[in-house]
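K.L.:
What follows is model.txt; its format and atoms are compact mmCIF, C-alpha atoms.
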```
# COMPACT_ATOMS: atom_id res chain seq x y z
CA MET A 915 19.91 -4.18 -46.36
CA THR A 916 19.61 -6.48 -43.45
CA SER A 917 18.89 -4.92 -40.09
CA ILE A 918 20.28 -6.42 -36.97
CA GLY A 919 18.30 -5.75 -33.84
CA PRO A 920 15.54 -6.98 -31.60
CA ALA A 921 13.01 -9.31 -33.08
CA ARG A 922 9.74 -7.82 -34.23
CA SER A 923 6.57 -8.75 -32.49
CA PRO A 924 3.61 -9.96 -34.57
CA SER A 925 2.18 -6.43 -34.34
CA GLY A 926 5.30 -5.12 -36.05
CA THR A 927 6.68 -3.11 -33.16
CA ASP A 928 10.24 -3.49 -31.99
CA ARG A 929 10.24 -5.06 -28.61
CA PRO A 930 13.32 -5.81 -26.55
CA PRO A 931 13.23 -9.25 -25.05
CA SER A 932 11.70 -8.47 -21.66
CA GLY A 933 12.65 -10.64 -18.73
CA THR A 934 15.48 -12.24 -20.62
CA GLY A 935 18.98 -12.31 -19.33
CA PRO A 936 19.96 -14.25 -16.28
CA PHE A 937 19.92 -11.37 -13.79
CA ARG A 938 16.85 -9.25 -14.64
CA PRO A 939 14.24 -11.23 -12.70
CA VAL A 940 16.67 -12.13 -9.93
CA VAL A 941 16.99 -8.66 -8.39
CA PRO A 942 13.25 -8.09 -7.79
CA MET A 943 12.88 -11.63 -6.51
CA LEU A 944 15.75 -11.10 -4.07
CA GLY A 945 14.09 -7.87 -2.95
CA VAL A 946 10.80 -9.63 -2.32
CA ALA A 947 12.55 -12.45 -0.47
CA ALA A 948 14.45 -9.98 1.70
CA ALA A 949 11.22 -8.10 2.45
CA VAL A 950 9.45 -11.31 3.42
CA VAL A 951 12.27 -12.33 5.77
CA TYR A 952 12.44 -8.80 7.18
CA ALA A 953 8.67 -8.82 7.77
CA TRP A 954 8.95 -12.06 9.74
CA TRP A 955 11.69 -10.58 11.92
CA ALA A 956 9.86 -7.26 12.35
CA THR A 957 6.59 -8.87 13.40
CA GLY A 958 8.42 -10.96 15.96
CA GLN A 959 9.31 -7.87 17.99
CA LEU A 960 7.23 -7.13 21.06
CA PRO A 961 4.92 -4.13 20.73
CA PHE A 962 5.74 -0.94 22.60
CA THR A 963 9.47 -1.69 22.41
CA ALA A 964 12.26 0.21 20.72
CA ALA A 965 12.94 -2.79 18.48
CA ALA A 966 9.35 -2.73 17.18
CA THR A 967 9.60 0.99 16.50
CA VAL A 968 12.92 0.55 14.69
CA ALA A 969 11.49 -2.36 12.68
CA VAL A 970 8.77 -0.05 11.36
CA GLY A 971 11.07 2.94 11.12
CA ILE A 972 13.55 1.35 8.69
CA PRO A 973 11.06 0.94 5.80
CA VAL A 974 9.58 4.34 6.62
CA ALA A 975 13.05 5.88 6.30
CA GLY A 976 13.41 4.12 2.95
CA LEU A 977 10.15 5.57 1.62
CA VAL A 978 11.03 9.04 2.91
CA ALA A 979 14.35 8.79 1.07
CA LEU A 980 12.56 7.68 -2.08
CA ALA A 981 10.08 10.54 -1.79
CA VAL A 982 12.97 13.02 -1.54
CA VAL A 983 15.21 11.49 -4.23
CA ARG A 984 12.51 10.99 -6.84
CA ARG A 985 11.18 14.46 -7.36
CA PRO A 986 7.55 14.93 -8.29
CA THR A 987 7.09 15.14 -12.03
CA GLY A 988 3.64 16.72 -12.03
CA THR A 989 0.76 14.85 -13.50
CA GLY A 990 2.96 13.37 -16.19
CA GLY A 991 0.47 14.26 -18.88
CA ARG A 992 -2.31 12.25 -17.31
CA GLU A 993 -5.77 13.69 -17.19
CA PRO A 994 -6.85 14.97 -13.78
CA LEU A 995 -9.17 12.77 -11.80
CA ARG A 996 -12.83 13.74 -12.00
CA PRO A 997 -14.21 14.53 -8.53
CA GLY A 998 -17.05 12.13 -9.25
CA ALA A 999 -14.60 9.34 -9.93
CA VAL A 1000 -13.37 9.38 -6.34
CA LEU A 1001 -16.74 10.06 -4.70
CA PRO A 1002 -17.35 6.44 -3.60
CA TRP A 1003 -13.92 6.40 -1.94
CA ALA A 1004 -14.78 9.64 -0.17
CA GLY A 1005 -18.01 8.03 1.05
CA LEU A 1006 -16.21 4.98 2.41
CA LEU A 1007 -13.60 7.20 4.06
CA ALA A 1008 -16.29 9.38 5.64
CA ALA A 1009 -18.09 6.33 7.04
CA ALA A 1010 -14.81 5.03 8.49
CA VAL A 1011 -13.95 8.41 10.02
CA VAL A 1012 -17.39 8.68 11.66
CA LEU A 1013 -17.11 5.17 13.13
CA GLU A 1014 -13.58 5.87 14.34
CA ILE A 1015 -14.60 9.14 16.00
CA VAL A 1016 -17.54 7.46 17.77
CA GLY A 1017 -15.27 4.62 18.89
CA LEU A 1018 -12.65 7.03 20.19
CA ALA A 1019 -15.30 9.11 21.95
CA LEU A 1020 -16.38 5.97 23.79
CA GLY A 1021 -12.87 5.39 25.10
CA GLY A 1022 -11.21 3.68 22.20
CA ARG A 1023 -11.54 0.14 23.47
CA SER A 1024 -15.29 -0.20 23.69
CA SER A 1025 -16.48 -3.66 22.76
CA GLY A 1026 -19.75 -2.14 21.56
CA VAL A 1027 -18.21 0.42 19.22
CA PRO A 1028 -14.60 -0.64 18.62
CA THR A 1029 -12.15 1.52 16.71
CA LEU A 1030 -10.54 0.18 13.57
CA SER A 1031 -7.32 -0.56 15.42
CA THR A 1032 -9.23 -2.54 18.06
CA VAL A 1033 -10.72 -4.66 15.28
CA VAL A 1034 -7.33 -5.07 13.62
CA ASP A 1035 -5.75 -6.06 16.95
CA HIS A 1036 -7.68 -9.33 16.76
CA ALA A 1037 -5.89 -10.13 13.52
CA LEU A 1038 -2.53 -9.42 15.15
CA THR A 1039 -2.78 -12.20 17.70
CA TRP A 1040 -0.81 -14.67 15.58
CA HIS A 1041 2.66 -14.09 14.22
CA ALA A 1042 1.66 -15.42 10.78
CA SER A 1043 -1.24 -12.97 10.44
CA ARG A 1044 0.93 -10.08 11.67
CA TRP A 1045 3.53 -11.10 9.11
CA ALA A 1046 0.95 -11.20 6.29
CA LEU A 1047 -0.37 -7.75 7.21
CA PHE A 1048 3.18 -6.39 7.48
CA CYS A 1049 3.94 -7.76 4.01
CA ALA A 1050 0.82 -6.01 2.69
CA TRP A 1051 1.93 -2.79 4.39
CA LEU A 1052 5.40 -3.09 2.85
CA ALA A 1053 3.85 -3.76 -0.57
CA ALA A 1054 1.74 -0.61 -0.29
CA GLY A 1055 4.84 1.39 0.61
CA ALA A 1056 6.85 -0.16 -2.21
CA ALA A 1057 4.26 0.84 -4.82
CA PRO A 1058 6.01 4.12 -5.75
CA LEU A 1059 9.21 2.14 -6.25
CA VAL A 1060 7.64 -0.64 -8.30
CA SER A 1061 5.08 1.33 -10.31
CA PRO A 1062 7.57 3.20 -12.54
CA VAL A 1063 9.14 -0.13 -13.49
CA LEU A 1064 5.74 -1.54 -14.45
CA HIS A 1065 4.88 1.69 -16.23
CA ARG A 1066 8.10 1.55 -18.30
CA ARG A 1067 7.36 -2.05 -19.26
CA ASP A 1068 3.85 -1.06 -20.32
CA GLY A 1069 5.27 1.80 -22.30
CA VAL A 1070 7.70 -0.45 -24.13
CA ALA A 1071 5.14 -3.07 -24.94
CA MET B 432 -20.13 -6.91 17.83
CA ALA B 433 -22.47 -5.16 15.41
CA VAL B 434 -19.98 -2.37 14.81
CA THR B 435 -17.21 -4.90 14.26
CA VAL B 436 -19.38 -6.34 11.50
CA VAL B 437 -19.81 -2.82 10.10
CA TRP B 438 -16.02 -2.40 10.07
CA LEU B 439 -15.59 -5.72 8.26
CA ALA B 440 -18.34 -4.73 5.82
CA LEU B 441 -16.55 -1.44 5.12
CA MET B 442 -13.30 -3.31 4.45
CA ALA B 443 -15.10 -5.75 2.15
CA ALA B 444 -16.80 -2.85 0.38
CA ALA B 445 -13.43 -1.16 -0.16
CA VAL B 446 -11.95 -4.32 -1.67
CA ALA B 447 -15.03 -4.89 -3.85
CA TRP B 448 -15.02 -1.27 -5.00
CA GLU B 449 -11.31 -1.46 -5.84
CA VAL B 450 -11.96 -4.52 -8.01
CA ALA B 451 -14.91 -2.79 -9.68
CA CYS B 452 -12.83 0.32 -10.38
CA ARG B 453 -10.07 -1.71 -12.00
CA ARG B 454 -12.67 -3.32 -14.27
CA SER B 455 -14.37 -0.03 -15.13
CA GLY B 456 -11.78 0.93 -17.72
CA GLY B 457 -10.90 4.22 -16.06
CA ARG B 458 -14.43 5.46 -15.47
CA TRP B 459 -13.90 5.19 -11.72
CA ALA B 460 -10.61 5.89 -9.99
CA ASP B 461 -8.97 2.95 -8.24
CA LEU B 462 -6.74 3.46 -5.22
CA ALA B 463 -3.59 3.21 -7.31
CA ALA B 464 -4.78 6.08 -9.50
CA VAL B 465 -5.62 8.20 -6.47
CA ALA B 466 -2.26 7.41 -4.86
CA ALA B 467 -0.38 8.09 -8.10
CA ARG B 468 -2.09 11.45 -8.38
CA LEU B 469 -1.20 12.33 -4.79
CA TRP B 470 2.39 11.10 -5.28
CA SER B 471 2.88 13.51 -8.19
CA ARG B 472 2.80 16.57 -5.88
CA VAL B 473 4.89 17.36 -2.80
CA PRO B 474 1.96 17.88 -0.37
CA GLY B 475 0.40 14.65 -1.59
CA ARG B 476 3.66 12.82 -1.03
CA ILE B 477 3.88 14.13 2.50
CA VAL B 478 0.31 12.98 3.18
CA LEU B 479 0.90 9.52 1.70
CA VAL B 480 4.20 8.94 3.51
CA ALA B 481 2.80 10.24 6.81
CA LEU B 482 -0.33 8.10 6.50
CA TRP B 483 1.67 4.99 5.62
CA ALA B 484 4.14 5.61 8.45
CA PHE B 485 1.34 6.17 10.96
CA VAL B 486 -0.44 2.98 9.94
CA GLY B 487 2.79 0.99 10.27
CA TRP B 488 3.70 2.49 13.61
CA HIS B 489 0.19 2.23 15.07
CA VAL B 490 -0.56 -1.27 13.81
CA PHE B 491 2.81 -3.01 14.11
CA ALA B 492 4.62 -1.17 16.88
CA ARG B 493 1.74 -0.23 19.17
CA TYR B 494 -0.71 -3.10 18.90
CA THR B 495 -2.33 -4.87 21.82
CA LEU B 496 -2.41 -8.63 21.94
CA THR B 497 -5.97 -9.76 22.54
CA GLY B 498 -7.16 -12.80 24.41
```
Taking this structure as input, can you express it in the form of structure tokens?
P.N.:
Amino acid sequence: MTSIGPARSPSGTDRPPSGTGPFRPVVPMLGVAAAVVYAWWATGQLPFTAAATVAVGIPVAGLVALAVVRRPTGTGGREPLRPGAVLPWAGLLAAAVVLEIVGLALGGRSSGVPTLSTVVDHALTWHASRWALFCAWLAAGAAPLVSPVLHRRDGVA
Amino acid sequence: MAVTVVWLALMAAAVAWEVACRRSGGRWADLAAVAARLWSRVPGRIVLVALWAFVGWHVFARYTLTG
């Protein structure tokens, strides 16, 4: 009996042809392109204006909606993180918090002990660098949206 | 100036540690694993969304042009 279906991979597992079809890769690419264009517009707004706040607020509203629509599924069968596994991150965070508190205690704009945002401000001087950082910020926020897709692909493979 | 260097060193250390975690085969938790764990519970989601929103608002809507 001849079976008709997806081709078998060399390992013998059925694998649907990923990335095939004319439209599958187009949608994510259009999303990335739209985000890049949006980031350029958003970082062109003057700070401390309503337009700048709205430009940040739109993606935030999107993530809030995603957080509400996609209900938490628990740990999903994954093993809990060992406290020791996150200890270095806790150390880095603690060092950053201490520096930030000292910087804020000195007025927030001290050249001797700048806060993190004072340091980052230097990178925001140029539109291109603001745009790059905004894209990175959008990418971090899009992770919950993108990760399940990647996870499904991994699961299929 | 010295503290600026410390900030940059902390950022570099975070990036280096993230790379090391991803190469550790799960022995150490990378940021994605920590975020995924937080995202799986409602309080964690609130923390992540609030943190991300604050960073965006503070950095991109309330920045000060230097120079």
K.L.:
Closest to chain B among A:Ala1046, A:Ile1015, A:Ala999, A:Ala1057, using only C-alpha atoms?
P.N.:
A:Ala999
K.L.:
Rounded to one decimal, what separation in Å do you get between CA of Ala1053 in chain A and CA of Thr963 in chain A?
P.N.:
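For CA of Ala1053 in chain A relative to CA of Thr963 in chain A, the distance reads 23.7 Å.
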K.L.:
Skipping near chain neighbours, those fewer than 3 positions away, what residues fall within 10 Å of Asp1035 in chain A using only C-alpha atoms, listed as a PyMOL selection string?
P.N.:
(chain A and resi 1029-1032+1038-1039+1044) or (chain B and resi 490-491+493-497)
K.L.:
Between CA of Gly1022 in chain A and CA of Ala433 in chain B, what distance in Å does the model show, to one decimal?
P.N.:
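Separating CA of Gly1022 in chain A from CA of Ala433 in chain B is a distance of 15.8 Å.
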K.L.:
Which polymer residues, whether protein, DNA or RNA, lie within 8 Å of the coordinate (-12.7, 1.0, 9.4) when you count all atoms listed in the file? List them as a ChimeraX atom specification, using the chain letters and numbers from the file.
P.N.:
/A:1009-1011,1013-1014,1029-1030 /B:438-439,441-442
K.L.:
In terms of the shortest atom-to-atom distance over all atoms listed in the file, which of A:Gly1021, A:Ala979, A:Ile972, A:His1036 is closest to chain B?
P.N.:
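Smallest distance to chain B is found for A:His1036.
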K.L.:
Could you jot down the CA of Ala466 in chain B to CA of Gly1055 in chain A separation for me, Å, one decimal place?
P.N.:
10.8 Å
K.L.:
Quick one: of A:Val1060, A:Val1012, A:Val1000, A:Leu980, who's nearest to chain B, counting only C-alpha atoms?
P.N.:
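Of A:Val1060, A:Val1012, A:Val1000, A:Leu980, the one nearest chain B, counting only C-alpha atoms, is A:Val1000.
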K.L.:
Around all listed atoms of range 439-451 of chain B, padded 3 Å per side, what centre and edge lengths does the axis-aligned box have in Å to one decimal, as JSON?
P.N.:
```
{"center_x": -14.8, "center_y": -3.5, "center_z": -0.7, "size_x": 13.0, "size_y": 10.6, "size_z": 23.9}
```
K.L.:
Can we get range 953-966 of chain A of that structure written down with all heavy atoms, as a tab-separated table (two decimals), in the first residue's frame?
P.N.:
```
chain	number	residue	atom	x	y	z
A	953	ALA	N	9.37	52.03	13.81
A	953	ALA	CA	10.43	52.46	14.73
A	953	ALA	C	11.07	53.75	14.24
A	953	ALA	O	11.41	54.63	15.03
A	953	ALA	CB	11.48	51.35	14.87
A	954	TRP	N	11.24	53.86	12.92
A	954	TRP	CA	11.85	55.09	12.38
A	954	TRP	C	10.94	56.29	12.63
A	954	TRP	O	11.39	57.36	13.03
A	954	TRP	CB	12.13	54.93	10.88
A	954	TRP	CG	12.88	56.09	10.32
A	954	TRP	CD1	12.39	57.14	9.63
A	954	TRP	CD2	14.29	56.32	10.47
A	954	TRP	NE1	13.40	58.03	9.32
A	954	TRP	CE2	14.57	57.55	9.81
A	954	TRP	CE3	15.34	55.62	11.07
A	954	TRP	CZ2	15.86	58.08	9.75
A	954	TRP	CZ3	16.62	56.16	11.01
A	954	TRP	CH2	16.87	57.37	10.36
A	955	TRP	N	9.63	56.07	12.43
A	955	TRP	CA	8.67	57.17	12.69
A	955	TRP	C	8.66	57.51	14.19
A	955	TRP	O	8.72	58.68	14.57
A	955	TRP	CB	7.27	56.77	12.23
A	955	TRP	CG	6.24	57.75	12.69
A	955	TRP	CD1	5.96	58.97	12.14
A	955	TRP	CD2	5.39	57.62	13.84
A	955	TRP	NE1	4.97	59.60	12.88
A	955	TRP	CE2	4.61	58.79	13.92
A	955	TRP	CE3	5.20	56.62	14.80
A	955	TRP	CZ2	3.67	59.00	14.93
A	955	TRP	CZ3	4.26	56.82	15.80
A	955	TRP	CH2	3.50	57.99	15.85
A	956	ALA	N	8.60	56.47	15.02
A	956	ALA	CA	8.46	56.69	16.46
A	956	ALA	C	9.67	57.44	17.03
A	956	ALA	O	9.52	58.31	17.89
A	956	ALA	CB	8.29	55.35	17.18
A	957	THR	N	10.85	57.10	16.55
A	957	THR	CA	12.05	57.73	17.09
A	957	THR	C	12.30	59.10	16.48
A	957	THR	O	13.26	59.78	16.86
A	957	THR	CB	13.28	56.83	16.88
A	957	THR	OG1	13.33	56.42	15.50
A	957	THR	CG2	13.22	55.61	17.76
A	958	GLY	N	11.44	59.50	15.56
A	958	GLY	CA	11.53	60.85	15.01
A	958	GLY	C	10.70	61.85	15.80
A	958	GLY	O	10.76	63.05	15.55
A	959	GLN	N	9.93	61.35	16.75
A	959	GLN	CA	9.09	62.25	17.57
A	959	GLN	C	9.94	62.92	18.65
A	959	GLN	O	10.85	62.30	19.19
A	959	GLN	CB	7.95	61.46	18.23
A	959	GLN	CG	7.12	60.64	17.25
A	959	GLN	CD	6.60	61.45	16.09
A	959	GLN	OE1	6.07	62.54	16.27
A	959	GLN	NE2	6.76	60.94	14.88
A	960	LEU	N	9.62	64.16	18.94
A	960	LEU	CA	10.37	64.87	19.98
A	960	LEU	C	10.03	64.30	21.35
A	960	LEU	O	8.85	63.98	21.61
A	960	LEU	CB	10.03	66.36	19.94
A	960	LEU	CG	10.61	67.15	18.77
A	960	LEU	CD1	10.08	68.59	18.79
A	960	LEU	CD2	12.14	67.15	18.81
A	961	PRO	N	11.04	64.18	22.21
A	961	PRO	CA	10.75	63.67	23.57
A	961	PRO	C	9.87	64.64	24.35
A	961	PRO	O	9.81	65.83	24.03
A	961	PRO	CB	12.14	63.55	24.20
A	961	PRO	CG	13.00	64.49	23.43
A	961	PRO	CD	12.46	64.52	22.03
A	962	PHE	N	9.21	64.12	25.33
A	962	PHE	CA	8.32	64.89	26.21
A	962	PHE	C	7.13	65.47	25.44
A	962	PHE	O	6.59	66.51	25.81
A	962	PHE	CB	9.08	66.02	26.92
A	962	PHE	CG	10.13	65.51	27.88
A	962	PHE	CD1	11.44	65.39	27.46
A	962	PHE	CD2	9.80	65.15	29.18
A	962	PHE	CE1	12.42	64.90	28.32
A	962	PHE	CE2	10.76	64.66	30.05
A	962	PHE	CZ	12.08	64.54	29.62
A	963	THR	N	6.75	64.81	24.33
A	963	THR	CA	5.55	65.24	23.60
A	963	THR	C	4.53	64.11	23.63
A	963	THR	O	4.88	62.95	23.87
A	963	THR	CB	5.88	65.58	22.13
A	963	THR	OG1	6.38	64.40	21.49
A	963	THR	CG2	6.90	66.69	22.03
A	964	ALA	N	3.29	64.49	23.34
A	964	ALA	CA	2.23	63.47	23.32
A	964	ALA	C	2.51	62.45	22.22
A	964	ALA	O	2.25	61.25	22.39
A	964	ALA	CB	0.89	64.15	23.10
A	965	ALA	N	3.06	62.92	21.09
A	965	ALA	CA	3.31	62.01	19.97
A	965	ALA	C	4.32	60.93	20.38
A	965	ALA	O	4.17	59.76	20.02
A	965	ALA	CB	3.83	62.80	18.78
A	966	ALA	N	5.35	61.34	21.14
A	966	ALA	CA	6.36	60.36	21.58
A	966	ALA	C	5.74	59.35	22.54
A	966	ALA	O	6.04	58.15	22.47
A	966	ALA	CB	7.53	61.08	22.25
```
